[in-house]
Amino acid sequence: MRKQNYPISIGLLLIFFTPASAADKPPAFSRTDLAAVSTLRERALVDTTAYQLIESLTTEVGTRPAGSAGDKAAVAWAQREMQRLGFVNVHTVEAIVPHWERGEAEFSVLTPYPQTMPTLALGGSVGTSNEGIEADAVMVKDLGALAALPSGAVKDKIVFFGNRMERTRDGSGYGKAVPVRAGGPSAASAAGAVGVVIRSISTSNLRFPHTGTTRYTATATRIPALAISNPDADALVRQFQSGQPVRLRIRSSSRDLPQARSANVVGEIPGTDLANEIVILGAHLDSWDPGVGALDDGAGVAIMMGVARLINELDVKPRRTIRVVLFANEEFGTSGSLAYLAANQTNVSRHVLGFEADFGAGPVWRLSSRVNPAQLPAVDQIFRALAPLKLVRGDNAARGGADLEGLSKLGMPILEPSLDGTDYFDVHHTADDTLAKVDPKALRQSLAAFATTVWLGAQYSGTWERVTEPKPPRR
Ligand SMILES: [Zn+2]
């Protein structure tokens, strides 16, 4: 099958023989650095460390929501594993985190056809009294539909948000659907409702409800909010379609506990001639409580630690310092990210390039960026070095993830090997986010894509200039 070999051969030709520009600028990457790409890729494609890290984190620590015993255990686990893998300057950055306890939740349809369905409280939801809340229900599609109802339409009622999330590769379906989870409870409360039930922000037809943060406003009364799975939401829609009044009962023992101490865990592969410049690799250590966070974000933790380890084992040393930061509490308010930024106020400009992995275990299908346009030719060359992995070239409007949002807003360039999110929202924030959902082959391919990109980012012969354009809106 010689013909199939052409793309690789052409890719290699381009890598090794791209001429310096007319102005005799030094090449963006040295021959040695480009040669190391093949070594990194070949090692990544047979790597077992990344999978073993997810296995160890999910087995030995398990669920690790902010403030829990698992959260503390995860911080200890990460320090131990970074030391074992040979990282240096391993340390923690304290973060004060909220501590919310889920408790138990119940959801029942009382009329017209009595049913009890599995449910999860949304993260941060207040609980109900022990007896729960019983009320007639109103079904709306989304926040726009709620706002369009006549005044008083949901007074003393439970609002059911029924819109279904769309499955997409790039996560854009999540962006469109998630405002109901974040803002639905306060919007319904402001209109007089006493409780909220949402169709899970989910692409699965399994009977697993999905949790995730809700954000109460300062002004509306806090009302309890639960999620039910897609198939149960479909069944509830059919009950509404019967034309008879739908009466629901919800009960939850969720509660807030005093804030707790957690920490970001940091470890480095030191740079050489440009050691003062930091290439930051971010993922988050916490998870939601129902599952063990194998995909969210055990996979991101493993990819970033795996990349740093692979680079550390090369004969050539990185020019810039590679700093892995495993952030505390991304899920419930990005406390770790905010603490990191506060602790690094005078070091912001040293963070010259950022990577984040918080979208499952791959494969990587695209290379996007958000860099100063002067560095786009270098990104093009990195893309060519990724040719054997057959990625798509994305645009220069990458958003990055939540944990690097602060640094990115301050002008730090971002390179984004995009993880394929097609199936990610089947298990995201459910009890089913387990090691069984990690495809070892896709994980190794992701490791290869990240390792190549991070390595070349750390070796770039030019300057990663700051990004000055305003950040594009979330897609
Ligand atoms: Zn996450």
# chains A, B, ... in the order shown; residues from 1 in each chain; ligands from 1
>>> residues_around(residues="Gly243 in chain A", least_positions_apart="4", cutoff="10 Å", atoms="only C-alpha atoms", output="VMD selection string")
chain A and resid 112 238 to 239
>>> write_last_selection(atoms="all heavy atoms", output="PDB file, in the first residue's frame")
ATOM      1  N   PRO A 112     -49.543  12.422  35.974  1.00  0.00           N
ATOM      2  CA  PRO A 112     -50.675  11.492  35.885  1.00  0.00           C
ATOM      3  C   PRO A 112     -50.297  10.024  36.098  1.00  0.00           C
ATOM      4  O   PRO A 112     -51.150   9.235  36.514  1.00  0.00           O
ATOM      5  CB  PRO A 112     -51.167  11.696  34.442  1.00  0.00           C
ATOM      6  CG  PRO A 112     -49.955  12.163  33.689  1.00  0.00           C
ATOM      7  CD  PRO A 112     -49.160  12.978  34.668  1.00  0.00           C
ATOM      8  N   ARG A 238     -43.389  12.762  27.774  1.00  0.00           N
ATOM      9  CA  ARG A 238     -44.616  12.047  27.370  1.00  0.00           C
ATOM     10  C   ARG A 238     -45.724  12.221  28.403  1.00  0.00           C
ATOM     11  O   ARG A 238     -46.897  12.303  28.044  1.00  0.00           O
ATOM     12  CB  ARG A 238     -44.307  10.554  27.142  1.00  0.00           C
ATOM     13  CG  ARG A 238     -43.407  10.304  25.928  1.00  0.00           C
ATOM     14  CD  ARG A 238     -43.354   8.839  25.532  1.00  0.00           C
ATOM     15  NE  ARG A 238     -42.689   7.989  26.500  1.00  0.00           N
ATOM     16  CZ  ARG A 238     -41.362   7.777  26.540  1.00  0.00           C
ATOM     17  NH1 ARG A 238     -40.559   8.355  25.651  1.00  0.00           N
ATOM     18  NH2 ARG A 238     -40.838   6.998  27.463  1.00  0.00           N
ATOM     19  N   GLN A 239     -45.351  12.300  29.670  1.00  0.00           N
ATOM     20  CA  GLN A 239     -46.376  12.545  30.696  1.00  0.00           C
ATOM     21  C   GLN A 239     -47.010  13.929  30.480  1.00  0.00           C
ATOM     22  O   GLN A 239     -48.220  14.088  30.545  1.00  0.00           O
ATOM     23  CB  GLN A 239     -45.759  12.447  32.097  1.00  0.00           C
ATOM     24  CG  GLN A 239     -45.240  11.043  32.417  1.00  0.00           C
ATOM     25  CD  GLN A 239     -45.719  10.514  33.765  1.00  0.00           C
ATOM     26  OE1 GLN A 239     -46.697  11.002  34.316  1.00  0.00           O
ATOM     27  NE2 GLN A 239     -45.042   9.491  34.278  1.00  0.00           N
TER      28      GLN A 239
END
>>> residues_near_ligand(ligand="ligand 1", cutoff="10 Å", atoms="only C-alpha atoms and all ligand atoms", output="ChimeraX atom specification")
/A:283-288,293,295-300,329-331,357-360,401-403,428-429
>>> select_by_dssp(residues="range 334-401 of chain A", states="helix (DSSP H, G or I)", output="JSON list (two decimals) with N, CA, C and O atoms, in the first residue's frame")
[["chain", "number", "residue", "atom", "x", "y", "z"],
["A", 335, "SER", "N", -11.41, 27.28, 41.86],
["A", 335, "SER", "CA", -10.64, 27.87, 42.97],
["A", 335, "SER", "C", -9.14, 27.74, 42.76],
["A", 335, "SER", "O", -8.38, 28.65, 43.12],
["A", 336, "GLY", "N", -8.70, 26.60, 42.23],
["A", 336, "GLY", "CA", -7.27, 26.36, 42.07],
["A", 336, "GLY", "C", -6.66, 27.30, 41.06],
["A", 336, "GLY", "O", -5.57, 27.84, 41.26],
["A", 337, "SER", "N", -7.37, 27.50, 39.96],
["A", 337, "SER", "CA", -6.90, 28.41, 38.93],
["A", 337, "SER", "C", -6.77, 29.84, 39.47],
["A", 337, "SER", "O", -5.78, 30.53, 39.22],
["A", 338, "LEU", "N", -7.77, 30.26, 40.24],
["A", 338, "LEU", "CA", -7.74, 31.62, 40.81],
["A", 338, "LEU", "C", -6.59, 31.75, 41.81],
["A", 338, "LEU", "O", -5.89, 32.76, 41.84],
["A", 339, "ALA", "N", -6.37, 30.70, 42.61],
["A", 339, "ALA", "CA", -5.27, 30.74, 43.60],
["A", 339, "ALA", "C", -3.92, 30.78, 42.89],
["A", 339, "ALA", "O", -3.00, 31.49, 43.34],
["A", 340, "TYR", "N", -3.79, 30.04, 41.81],
["A", 340, "TYR", "CA", -2.53, 30.03, 41.06],
["A", 340, "TYR", "C", -2.22, 31.42, 40.50],
["A", 340, "TYR", "O", -1.09, 31.92, 40.60],
["A", 341, "LEU", "N", -3.24, 32.03, 39.94],
["A", 341, "LEU", "CA", -3.06, 33.36, 39.35],
["A", 341, "LEU", "C", -2.68, 34.38, 40.44],
["A", 341, "LEU", "O", -1.79, 35.21, 40.25],
["A", 342, "ALA", "N", -3.37, 34.28, 41.59],
["A", 342, "ALA", "CA", -3.07, 35.20, 42.70],
["A", 342, "ALA", "C", -1.63, 35.02, 43.16],
["A", 342, "ALA", "O", -0.94, 36.00, 43.47],
["A", 343, "ALA", "N", -1.16, 33.78, 43.20],
["A", 343, "ALA", "CA", 0.20, 33.51, 43.68],
["A", 343, "ALA", "C", 1.26, 33.88, 42.63],
["A", 343, "ALA", "O", 2.44, 33.95, 42.94],
["A", 345, "GLN", "N", 1.05, 36.67, 40.43],
["A", 345, "GLN", "CA", 0.79, 38.02, 39.90],
["A", 345, "GLN", "C", 2.02, 38.64, 39.25],
["A", 345, "GLN", "O", 1.91, 39.30, 38.21],
["A", 346, "THR", "N", 3.18, 38.43, 39.84],
["A", 346, "THR", "CA", 4.39, 39.07, 39.29],
["A", 346, "THR", "C", 5.08, 38.18, 38.25],
["A", 346, "THR", "O", 6.11, 38.56, 37.69],
["A", 347, "ASN", "N", 4.51, 36.99, 38.00],
["A", 347, "ASN", "CA", 5.13, 36.05, 37.05],
["A", 347, "ASN", "C", 4.30, 35.82, 35.80],
["A", 347, "ASN", "O", 4.63, 34.92, 35.02],
["A", 348, "VAL", "N", 3.25, 36.59, 35.63],
["A", 348, "VAL", "CA", 2.32, 36.32, 34.53],
["A", 348, "VAL", "C", 3.04, 36.24, 33.19],
["A", 348, "VAL", "O", 2.86, 35.31, 32.41],
["A", 349, "SER", "N", 3.93, 37.21, 32.94],
["A", 349, "SER", "CA", 4.56, 37.28, 31.61],
["A", 349, "SER", "C", 5.58, 36.16, 31.40],
["A", 349, "SER", "O", 5.99, 35.90, 30.27],
["A", 350, "ARG", "N", 5.99, 35.50, 32.49],
["A", 350, "ARG", "CA", 6.90, 34.34, 32.33],
["A", 350, "ARG", "C", 6.16, 33.15, 31.73],
["A", 350, "ARG", "O", 6.79, 32.22, 31.23],
["A", 373, "PRO", "N", -0.39, 36.62, 15.79],
["A", 373, "PRO", "CA", -0.30, 36.22, 14.37],
["A", 373, "PRO", "C", 1.14, 36.06, 13.88],
["A", 373, "PRO", "O", 1.40, 35.27, 12.96],
["A", 374, "ALA", "N", 2.09, 36.74, 14.51],
["A", 374, "ALA", "CA", 3.50, 36.61, 14.10],
["A", 374, "ALA", "C", 4.01, 35.18, 14.29],
["A", 374, "ALA", "O", 4.98, 34.78, 13.65],
["A", 375, "GLN", "N", 3.37, 34.40, 15.16],
["A", 375, "GLN", "CA", 3.84, 33.03, 15.41],
["A", 375, "GLN", "C", 3.05, 31.98, 14.61],
["A", 375, "GLN", "O", 3.28, 30.78, 14.77],
["A", 376, "LEU", "N", 2.12, 32.42, 13.76],
["A", 376, "LEU", "CA", 1.35, 31.42, 13.00],
["A", 376, "LEU", "C", 2.21, 30.55, 12.09],
["A", 376, "LEU", "O", 1.94, 29.34, 11.97],
["A", 377, "PRO", "N", 3.26, 31.09, 11.46],
["A", 377, "PRO", "CA", 4.12, 30.19, 10.67],
["A", 377, "PRO", "C", 4.75, 29.08, 11.53],
["A", 377, "PRO", "O", 4.88, 27.94, 11.07],
["A", 378, "ALA", "N", 5.11, 29.39, 12.76],
["A", 378, "ALA", "CA", 5.67, 28.36, 13.65],
["A", 378, "ALA", "C", 4.60, 27.31, 13.97],
["A", 378, "ALA", "O", 4.89, 26.10, 14.01],
["A", 379, "VAL", "N", 3.35, 27.76, 14.17],
["A", 379, "VAL", "CA", 2.27, 26.80, 14.45],
["A", 379, "VAL", "C", 2.04, 25.92, 13.22],
["A", 379, "VAL", "O", 1.81, 24.72, 13.34],
["A", 380, "ASP", "N", 2.14, 26.53, 12.04],
["A", 380, "ASP", "CA", 2.01, 25.73, 10.81],
["A", 380, "ASP", "C", 3.08, 24.65, 10.76],
["A", 380, "ASP", "O", 2.82, 23.52, 10.36],
["A", 381, "GLN", "N", 4.28, 25.01, 11.18],
["A", 381, "GLN", "CA", 5.37, 24.02, 11.13],
["A", 381, "GLN", "C", 5.15, 22.92, 12.18],
["A", 381, "GLN", "O", 5.44, 21.75, 11.92],
["A", 382, "ILE", "N", 4.62, 23.30, 13.34],
["A", 382, "ILE", "CA", 4.28, 22.27, 14.35],
["A", 382, "ILE", "C", 3.22, 21.34, 13.77],
["A", 382, "ILE", "O", 3.29, 20.12, 13.93],
["A", 383, "PHE", "N", 2.25, 21.93, 13.08],
["A", 383, "PHE", "CA", 1.20, 21.11, 12.46],
["A", 383, "PHE", "C", 1.80, 20.11, 11.48],
["A", 383, "PHE", "O", 1.40, 18.95, 11.43],
["A", 384, "ARG", "N", 2.79, 20.54, 10.72],
["A", 384, "ARG", "CA", 3.42, 19.62, 9.77],
["A", 384, "ARG", "C", 4.16, 18.49, 10.50],
["A", 384, "ARG", "O", 4.18, 17.35, 10.05],
["A", 385, "ALA", "N", 4.73, 18.83, 11.65],
["A", 385, "ALA", "CA", 5.43, 17.79, 12.43],
["A", 385, "ALA", "C", 4.45, 16.76, 12.98],
["A", 385, "ALA", "O", 4.84, 15.65, 13.35],
["A", 387, "ALA", "N", 2.06, 15.51, 11.20],
["A", 387, "ALA", "CA", 1.45, 14.85, 10.04],
["A", 387, "ALA", "C", 1.17, 13.35, 10.23],
["A", 387, "ALA", "O", 0.10, 12.88, 9.85],
["A", 388, "PRO", "N", 2.10, 12.60, 10.83],
["A", 388, "PRO", "CA", 1.82, 11.16, 10.97],
["A", 388, "PRO", "C", 0.57, 10.88, 11.82],
["A", 388, "PRO", "O", 0.02, 9.79, 11.74],
["A", 389, "LEU", "N", 0.16, 11.84, 12.62],
["A", 389, "LEU", "CA", -1.02, 11.62, 13.47],
["A", 389, "LEU", "C", -2.31, 12.06, 12.79],
["A", 389, "LEU", "O", -3.40, 11.93, 13.35]]
>>> residues_around(residues="Gly184 in chain A", least_positions_apart="2", cutoff="9 Å", atoms="only C-alpha atoms", output="list in words")
Asp142, Leu143, Leu146, Val159, Phe161, Pro179, Val180, Arg181, Ala182, Ser186, Ala187, Ala188, Ser189, Val196, Ile198, Thr214, Arg215, Tyr216 and Ala225 of chain A
>>> write_last_selection(atoms="N, CA, C and O atoms", output="JSON list (two decimals), in the first residue's frame")
[["chain", "number", "residue", "atom", "x", "y", "z"],
["A", 142, "ASP", "N", -35.95, 25.94, 27.43],
["A", 142, "ASP", "CA", -34.69, 26.52, 27.89],
["A", 142, "ASP", "C", -34.95, 27.88, 28.55],
["A", 142, "ASP", "O", -36.11, 28.24, 28.81],
["A", 143, "LEU", "N", -33.88, 28.62, 28.81],
["A", 143, "LEU", "CA", -34.02, 29.90, 29.52],
["A", 143, "LEU", "C", -34.84, 30.89, 28.72],
["A", 143, "LEU", "O", -35.64, 31.65, 29.29],
["A", 146, "LEU", "N", -38.46, 30.08, 29.15],
["A", 146, "LEU", "CA", -38.92, 30.46, 30.49],
["A", 146, "LEU", "C", -39.23, 31.96, 30.53],
["A", 146, "LEU", "O", -40.27, 32.39, 31.03],
["A", 159, "VAL", "N", -40.18, 23.87, 37.82],
["A", 159, "VAL", "CA", -39.92, 24.06, 36.39],
["A", 159, "VAL", "C", -39.07, 22.89, 35.88],
["A", 159, "VAL", "O", -38.04, 22.56, 36.48],
["A", 161, "PHE", "N", -36.82, 21.84, 32.71],
["A", 161, "PHE", "CA", -36.15, 22.28, 31.47],
["A", 161, "PHE", "C", -35.90, 21.04, 30.63],
["A", 161, "PHE", "O", -35.15, 20.15, 31.03],
["A", 179, "PRO", "N", -26.19, 26.55, 29.72],
["A", 179, "PRO", "CA", -26.74, 27.69, 30.47],
["A", 179, "PRO", "C", -27.96, 27.33, 31.34],
["A", 179, "PRO", "O", -28.16, 27.93, 32.40],
["A", 180, "VAL", "N", -28.71, 26.33, 30.91],
["A", 180, "VAL", "CA", -29.87, 25.90, 31.71],
["A", 180, "VAL", "C", -29.43, 25.35, 33.08],
["A", 180, "VAL", "O", -30.06, 25.62, 34.09],
["A", 181, "ARG", "N", -28.32, 24.60, 33.07],
["A", 181, "ARG", "CA", -27.84, 24.03, 34.34],
["A", 181, "ARG", "C", -27.28, 25.14, 35.24],
["A", 181, "ARG", "O", -27.56, 25.19, 36.43],
["A", 182, "ALA", "N", -26.51, 26.03, 34.62],
["A", 182, "ALA", "CA", -25.87, 27.08, 35.41],
["A", 182, "ALA", "C", -26.89, 28.10, 35.91],
["A", 182, "ALA", "O", -26.91, 28.45, 37.09],
["A", 186, "SER", "N", -31.82, 29.86, 39.31],
["A", 186, "SER", "CA", -32.08, 31.23, 39.74],
["A", 186, "SER", "C", -33.10, 31.93, 38.85],
["A", 186, "SER", "O", -33.93, 32.71, 39.33],
["A", 187, "ALA", "N", -33.07, 31.63, 37.54],
["A", 187, "ALA", "CA", -34.06, 32.25, 36.64],
["A", 187, "ALA", "C", -35.47, 31.78, 36.99],
["A", 187, "ALA", "O", -36.41, 32.58, 37.04],
["A", 188, "ALA", "N", -35.61, 30.49, 37.28],
["A", 188, "ALA", "CA", -36.93, 29.97, 37.65],
["A", 188, "ALA", "C", -37.38, 30.54, 38.99],
["A", 188, "ALA", "O", -38.55, 30.90, 39.17],
["A", 189, "SER", "N", -36.44, 30.62, 39.92],
["A", 189, "SER", "CA", -36.77, 31.16, 41.24],
["A", 189, "SER", "C", -37.21, 32.62, 41.14],
["A", 189, "SER", "O", -38.19, 33.03, 41.77],
["A", 196, "VAL", "N", -36.45, 23.10, 40.60],
["A", 196, "VAL", "CA", -36.09, 22.93, 39.19],
["A", 196, "VAL", "C", -35.64, 21.49, 38.96],
["A", 196, "VAL", "O", -34.95, 20.90, 39.79],
["A", 198, "ILE", "N", -33.86, 19.45, 35.61],
["A", 198, "ILE", "CA", -33.39, 19.61, 34.23],
["A", 198, "ILE", "C", -33.19, 18.24, 33.59],
["A", 198, "ILE", "O", -32.89, 17.25, 34.27],
["A", 214, "THR", "N", -24.36, 24.41, 39.40],
["A", 214, "THR", "CA", -25.35, 25.46, 39.15],
["A", 214, "THR", "C", -24.86, 26.72, 39.85],
["A", 214, "THR", "O", -24.10, 26.63, 40.83],
["A", 215, "ARG", "N", -25.23, 27.87, 39.32],
["A", 215, "ARG", "CA", -24.75, 29.13, 39.91],
["A", 215, "ARG", "C", -25.94, 29.98, 40.31],
["A", 215, "ARG", "O", -26.65, 30.50, 39.46],
["A", 216, "TYR", "N", -26.14, 30.11, 41.62],
["A", 216, "TYR", "CA", -27.22, 30.96, 42.11],
["A", 216, "TYR", "C", -26.81, 32.42, 41.98],
["A", 216, "TYR", "O", -25.65, 32.76, 42.23],
["A", 225, "ALA", "N", -32.37, 22.04, 42.91],
["A", 225, "ALA", "CA", -32.32, 21.72, 41.48],
["A", 225, "ALA", "C", -31.74, 20.33, 41.28],
["A", 225, "ALA", "O", -30.67, 20.02, 41.79]]
>>> atom_distance(atom1="CA of Thr58 in chain A", atom2="CA of Thr434 in chain A")
7.5 Å
>>> select_by_dssp(residues="range 126-305 of chain A", states="strand (DSSP E)", output="count of residues only")
53
>>> residues_around(residues="Lys72 in chain A", least_positions_apart="2", cutoff="10 Å", atoms="only C-alpha atoms", output="NGL selection string")
:A and (61 or 64-70 or 74-77 or 260-263 or 286 or 328)
>>> residues_around(residues="range 307-320 of chain A", least_positions_apart="3", cutoff="8 Å", atoms="only C-alpha atoms", output="PyMOL selection string")
chain A and resi 33+36+40+43-44+85-87+268-279+303-304+324+447+450-451+454-455+458-459
>>> write_last_selection(atoms="N, CA and C atoms", output="short mmCIF file (atom, residue, chain, number, x, y, z; two decimals), in the first residue's frame")
data_model
loop_
_atom_site.label_atom_id
_atom_site.label_comp_id
_atom_site.auth_asym_id
_atom_site.auth_seq_id
_atom_site.Cartn_x
_atom_site.Cartn_y
_atom_site.Cartn_z
N ASP A 33 15.89 19.29 17.32
CA ASP A 33 14.57 19.33 17.96
C ASP A 33 13.52 18.64 17.11
N ALA A 36 13.90 14.92 17.38
CA ALA A 36 13.38 14.38 18.65
C ALA A 36 11.88 14.11 18.59
N LEU A 40 9.83 11.05 20.38
CA LEU A 40 8.72 11.30 21.30
C LEU A 40 7.46 10.57 20.83
N ARG A 43 7.73 6.73 21.17
CA ARG A 43 7.62 6.31 22.58
C ARG A 43 6.19 6.51 23.10
N ALA A 44 5.56 7.63 22.70
CA ALA A 44 4.19 7.89 23.19
C ALA A 44 3.22 6.83 22.69
N LEU A 85 8.07 10.11 39.00
CA LEU A 85 8.36 10.26 37.57
C LEU A 85 9.57 11.16 37.30
N GLY A 86 10.17 11.71 38.35
CA GLY A 86 11.40 12.47 38.17
C GLY A 86 11.21 13.96 37.92
N PHE A 87 10.01 14.49 38.24
CA PHE A 87 9.82 15.93 38.13
C PHE A 87 10.62 16.63 39.23
N GLU A 268 7.96 20.33 37.72
CA GLU A 268 8.60 20.89 36.52
C GLU A 268 9.64 19.97 35.90
N ILE A 269 9.83 20.17 34.61
CA ILE A 269 11.01 19.69 33.90
C ILE A 269 11.77 20.98 33.58
N PRO A 270 12.91 21.20 34.24
CA PRO A 270 13.56 22.51 34.11
C PRO A 270 14.08 22.77 32.70
N GLY A 271 14.01 24.02 32.31
CA GLY A 271 14.53 24.42 31.02
C GLY A 271 16.03 24.63 31.08
N THR A 272 16.59 25.01 29.94
CA THR A 272 18.03 25.28 29.89
C THR A 272 18.27 26.76 29.60
N ASP A 273 18.58 27.14 28.34
CA ASP A 273 18.91 28.55 28.09
C ASP A 273 17.74 29.51 28.27
N LEU A 274 16.49 28.99 28.16
CA LEU A 274 15.32 29.86 28.36
C LEU A 274 14.51 29.40 29.58
N ALA A 275 15.22 28.92 30.60
CA ALA A 275 14.56 28.31 31.77
C ALA A 275 13.59 29.26 32.46
N ASN A 276 13.82 30.55 32.32
CA ASN A 276 12.93 31.52 32.98
C ASN A 276 11.55 31.58 32.33
N GLU A 277 11.46 31.09 31.10
CA GLU A 277 10.16 31.07 30.41
C GLU A 277 9.45 29.76 30.71
N ILE A 278 8.14 29.86 31.00
CA ILE A 278 7.37 28.68 31.42
C ILE A 278 6.38 28.28 30.34
N VAL A 279 6.40 27.00 29.97
CA VAL A 279 5.33 26.41 29.17
C VAL A 279 4.46 25.66 30.17
N ILE A 303 -2.30 12.70 30.71
CA ILE A 303 -1.66 13.19 29.48
C ILE A 303 -0.57 14.20 29.83
N MET A 304 -0.88 15.14 30.70
CA MET A 304 0.11 16.18 31.01
C MET A 304 1.32 15.61 31.76
N VAL A 324 4.02 21.44 34.91
CA VAL A 324 2.70 20.79 34.99
C VAL A 324 1.99 21.34 36.22
N LEU A 447 -1.41 11.39 23.70
CA LEU A 447 -0.11 11.66 24.32
C LEU A 447 0.91 12.06 23.26
N PHE A 450 0.08 15.68 22.04
CA PHE A 450 0.45 16.69 23.03
C PHE A 450 1.98 16.76 23.18
N ALA A 451 2.64 15.59 23.21
CA ALA A 451 4.09 15.59 23.43
C ALA A 451 4.80 16.34 22.31
N VAL A 454 3.89 20.20 22.67
CA VAL A 454 4.53 20.82 23.84
C VAL A 454 6.04 20.95 23.60
N TRP A 455 6.63 19.88 23.11
CA TRP A 455 8.08 19.88 22.88
C TRP A 455 8.49 21.00 21.92
N ALA A 458 8.20 24.35 23.43
CA ALA A 458 9.28 24.66 24.38
C ALA A 458 10.60 24.96 23.67
N GLN A 459 10.74 24.51 22.41
CA GLN A 459 12.02 24.66 21.69
C GLN A 459 12.03 25.80 20.67
#
